[in-house]
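This report refers to the structure that appears directly beneath it.
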Amino acid sequence: MGLTPRHRPAWFAVTAFVAVFGVGEFARWVFVDPAGGPGWWGIDLKLVIDAGGRFATGQPIYSDPKFLYPPLAAIVAAAVARLDFMVVSIVYAGLKVAIAIVAVVSIARELSRAQQAAAILMLVLSLPFLHDVMLGNANVLLVGAMVPAMLGRDRARNGVLLGLATAAFAKPLILPVLLWLLFWRRRTLLGTVVTGLAATGFGALVTGPGSYLDWIKALLGGTQFAAPFAGNHGVTALVPELWLPVAAITTVGLLWVLARRSEQAGIAWAVTTGILIAPYAGTYSALPVALATPGLLKTTPTFTLAMVALSTVATGFALPFYAAAILAAALIASKRPTVLASASG
């Protein structure tokens, strides 16, 4: 992953720090009272399963204003709506760990088993990953689908998973990734769009076209969450009035980077800008940044080590500034193409 022998001890030290911190935080969130006391175990997953239950019984899918996923998510959830929730949530968490293992091994094939194990440990015990597991959110699925799309070859089939994931769990963080694909992986983008449209068509066929109109209305109503609340660590959690200007400036910057900078700089911006353009952003919103880590390790390893170590705190208390620092580092690193060339060679 671009680490020099001088940086490898520091990388393992950071991995150990992130792992110990993550285990402690996870235990505090979940195991204090897994039945629902101070822990928030599976609350996002519960929204989806409840929507699936409403669909299965003929009730309006979007009667709960907090459910903002496309109707296809409710169709999928309907299949498990009658099962024990705790069992479903644990299986869902296990699936995420499996996705993380497969993703890391596929990305870091050139590393030793020990280095791969360290990378897996660092990922699954990082705060963004654990938040996604704890809440039962869908960012692990989305990021897992981004791996072949962004880090694989430019083939239509590499966009299939991302198309399916987007059709079921559409989020603002996907938009910058689709823009990156437009500049760097157009065949993959074609596979993503075709698959996504086909899955959406299936969803409309099963639930009725009106359900997608209801979804759009729910999204418009979802702007109410562009405000400070527990679990929001984005721009709107700090200064809600700055969200639209920050989102606009970030989008312009992304387009400039995609047009004028390297592929790796574009990846870093595409997976990070979602934090700043989203109406609200939880800690799990930083999970896509993991896809930028291999590239950043090649160009700016010291910053990357600090970025990973600080993720234990910054993703929860200073998320917009954390994202801005990554964007700045990717820009600075992209001005040093010889470093990237020598590292990859």
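By order in the structure tokens, chains are A, B, ...; within a chain, residues start at 1; ligands start at 1, following the order shown.
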
Excluding A:Ala237 and its own-chain neighbours fewer than 4 positions away, which residues fall within 6 Å of it when counting only C-alpha atoms? Please give them as an mmCIF file with N, CA, C and O atoms, in the first residue's frame.
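The resulting part.cif:
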```cif
data_model
loop_
_atom_site.group_PDB
_atom_site.id
_atom_site.type_symbol
_atom_site.label_atom_id
_atom_site.label_comp_id
_atom_site.auth_asym_id
_atom_site.auth_seq_id
_atom_site.Cartn_x
_atom_site.Cartn_y
_atom_site.Cartn_z
ATOM 1 N N ALA A 227 -30.091 20.119 10.447
ATOM 2 C CA ALA A 227 -30.055 20.891 11.686
ATOM 3 C C ALA A 227 -29.303 20.081 12.730
ATOM 4 O O ALA A 227 -29.106 18.873 12.571
ATOM 5 N N PRO A 228 -28.866 20.727 13.795
ATOM 6 C CA PRO A 228 -28.176 19.980 14.851
ATOM 7 C C PRO A 228 -29.087 18.955 15.515
ATOM 8 O O PRO A 228 -30.208 19.265 15.882
ATOM 9 N N ASN A 232 -25.759 13.759 14.227
ATOM 10 C CA ASN A 232 -25.330 14.584 13.099
ATOM 11 C C ASN A 232 -24.021 15.264 13.456
ATOM 12 O O ASN A 232 -23.936 16.004 14.442
ATOM 13 N N HIS A 233 -22.993 15.032 12.642
ATOM 14 C CA HIS A 233 -21.688 15.649 12.872
ATOM 15 C C HIS A 233 -21.239 16.459 11.658
ATOM 16 O O HIS A 233 -20.066 16.839 11.573
#
```

- Query: Near A:Leu72, counting only C-alpha atoms, which residues have an atom at most 8 Å away, once you skip same-chain residues fewer than 6 positions from it, shown as a PyMOL selection string?
  - Reply: chain A and resi 167-168+199-200+203

Selected residues, C-alpha atoms, written as a PDB file, in the first residue's frame, please.
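Full text of result_18.pdb as output:
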```pdb
ATOM      1  CA  ALA A 167     -31.126   1.810  -6.275  1.00  0.00           C
ATOM      2  CA  ALA A 168     -31.791   0.486  -2.770  1.00  0.00           C
ATOM      3  CA  ALA A 199     -33.482  -2.193 -10.270  1.00  0.00           C
ATOM      4  CA  THR A 200     -35.500   1.004  -9.914  1.00  0.00           C
ATOM      5  CA  GLY A 203     -39.055  -1.468  -7.587  1.00  0.00           C
TER       6      GLY A 203
END
```

- Of the candidates A:Ser106, A:Ala51, A:Val252, A:Leu178, which shows the shortest atom-to-atom distance to A:Val147, using only C-alpha atoms? A:Ser106

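Within stretch 52-85 of chain A, the backbone-based DSSP assignment of alpha helix (DSSP H) covers Gly52, Gly53, Arg54, Phe55, Ala56, Pro71, Leu72, Ala73, Ala74, Ile75, Val76, Ala77, Ala78 and Phe85 of chain A.
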
Deliver the residues from the most recent selection as a file, using N, CA and C atoms, as a tab-separated table (two decimals), in the first residue's frame.
```tsv
chain	number	residue	atom	x	y	z
A	52	GLY	N	-40.36	-2.20	5.40
A	52	GLY	CA	-40.65	-3.45	4.72
A	52	GLY	C	-41.91	-4.09	5.25
A	53	GLY	N	-42.12	-4.00	6.57
A	53	GLY	CA	-43.35	-4.51	7.16
A	53	GLY	C	-44.58	-3.77	6.68
A	54	ARG	N	-44.45	-2.45	6.56
A	54	ARG	CA	-45.58	-1.66	6.05
A	54	ARG	C	-45.90	-2.03	4.61
A	55	PHE	N	-44.84	-2.21	3.81
A	55	PHE	CA	-45.08	-2.60	2.41
A	55	PHE	C	-45.76	-3.96	2.33
A	56	ALA	N	-45.32	-4.90	3.16
A	56	ALA	CA	-45.87	-6.25	3.14
A	56	ALA	C	-47.33	-6.29	3.54
A	71	PRO	N	-37.99	2.93	-2.46
A	71	PRO	CA	-38.91	1.81	-2.20
A	71	PRO	C	-38.25	0.43	-2.31
A	72	LEU	N	-37.22	0.32	-3.14
A	72	LEU	CA	-36.56	-0.98	-3.29
A	72	LEU	C	-36.02	-1.49	-1.96
A	73	ALA	N	-35.59	-0.60	-1.09
A	73	ALA	CA	-35.10	-1.02	0.23
A	73	ALA	C	-36.22	-1.67	1.03
A	74	ALA	N	-37.43	-1.14	0.91
A	74	ALA	CA	-38.57	-1.72	1.62
A	74	ALA	C	-38.90	-3.10	1.07
A	75	ILE	N	-38.76	-3.28	-0.24
A	75	ILE	CA	-39.02	-4.59	-0.85
A	75	ILE	C	-38.05	-5.63	-0.28
A	76	VAL	N	-36.77	-5.26	-0.22
A	76	VAL	CA	-35.75	-6.18	0.32
A	76	VAL	C	-36.04	-6.47	1.79
A	77	ALA	N	-36.38	-5.44	2.55
A	77	ALA	CA	-36.62	-5.61	3.99
A	77	ALA	C	-37.87	-6.42	4.28
A	78	ALA	N	-38.82	-6.40	3.36
A	78	ALA	CA	-40.06	-7.15	3.58
A	78	ALA	C	-39.79	-8.64	3.74
A	85	PHE	N	-35.78	-9.44	15.16
A	85	PHE	CA	-34.95	-8.29	14.78
A	85	PHE	C	-33.50	-8.46	15.22
```

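Considering only C-alpha atoms, the residue among A:Arg28, A:Val97, A:Trp11, A:Pro240 positioned nearest to A:Thr304 is A:Trp11.
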
- Task: Name the closest residue to A:Phe12 among the candidates A:Ala93, A:Val48, A:Leu276, A:Ala118; distances are taken between atoms, counting only C-alpha atoms.
- Result: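 Closest residue, counting only C-alpha atoms: A:Ala118.
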
Skip stretch 255-269 of chain A itself and residues of its chain fewer than 5 positions away, then list as an mmCIF file with N, CA and C atoms, in the first residue's frame all residues within 6 Å of it, counting only C-alpha atoms.
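around25.cif, written as the output of this step:
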```
data_model
loop_
_atom_site.group_PDB
_atom_site.id
_atom_site.type_symbol
_atom_site.label_atom_id
_atom_site.label_comp_id
_atom_site.auth_asym_id
_atom_site.auth_seq_id
_atom_site.Cartn_x
_atom_site.Cartn_y
_atom_site.Cartn_z
ATOM 1 N N ALA A 292 -9.754 5.992 -0.301
ATOM 2 C CA ALA A 292 -8.682 6.913 -0.675
ATOM 3 C C ALA A 292 -7.381 6.579 0.038
ATOM 4 N N GLY A 295 -4.179 5.227 -2.017
ATOM 5 C CA GLY A 295 -3.558 6.267 -2.824
ATOM 6 C C GLY A 295 -2.839 7.297 -1.982
ATOM 7 N N LEU A 327 -9.235 16.730 1.883
ATOM 8 C CA LEU A 327 -9.306 17.352 0.557
ATOM 9 C C LEU A 327 -8.057 18.182 0.281
ATOM 10 N N ALA A 330 -5.025 15.876 -0.337
ATOM 11 C CA ALA A 330 -5.078 15.245 -1.666
ATOM 12 C C ALA A 330 -4.662 16.232 -2.746
ATOM 13 N N SER A 334 -1.296 15.845 -5.018
ATOM 14 C CA SER A 334 -1.451 15.711 -6.472
ATOM 15 C C SER A 334 -0.512 16.627 -7.228
#
```
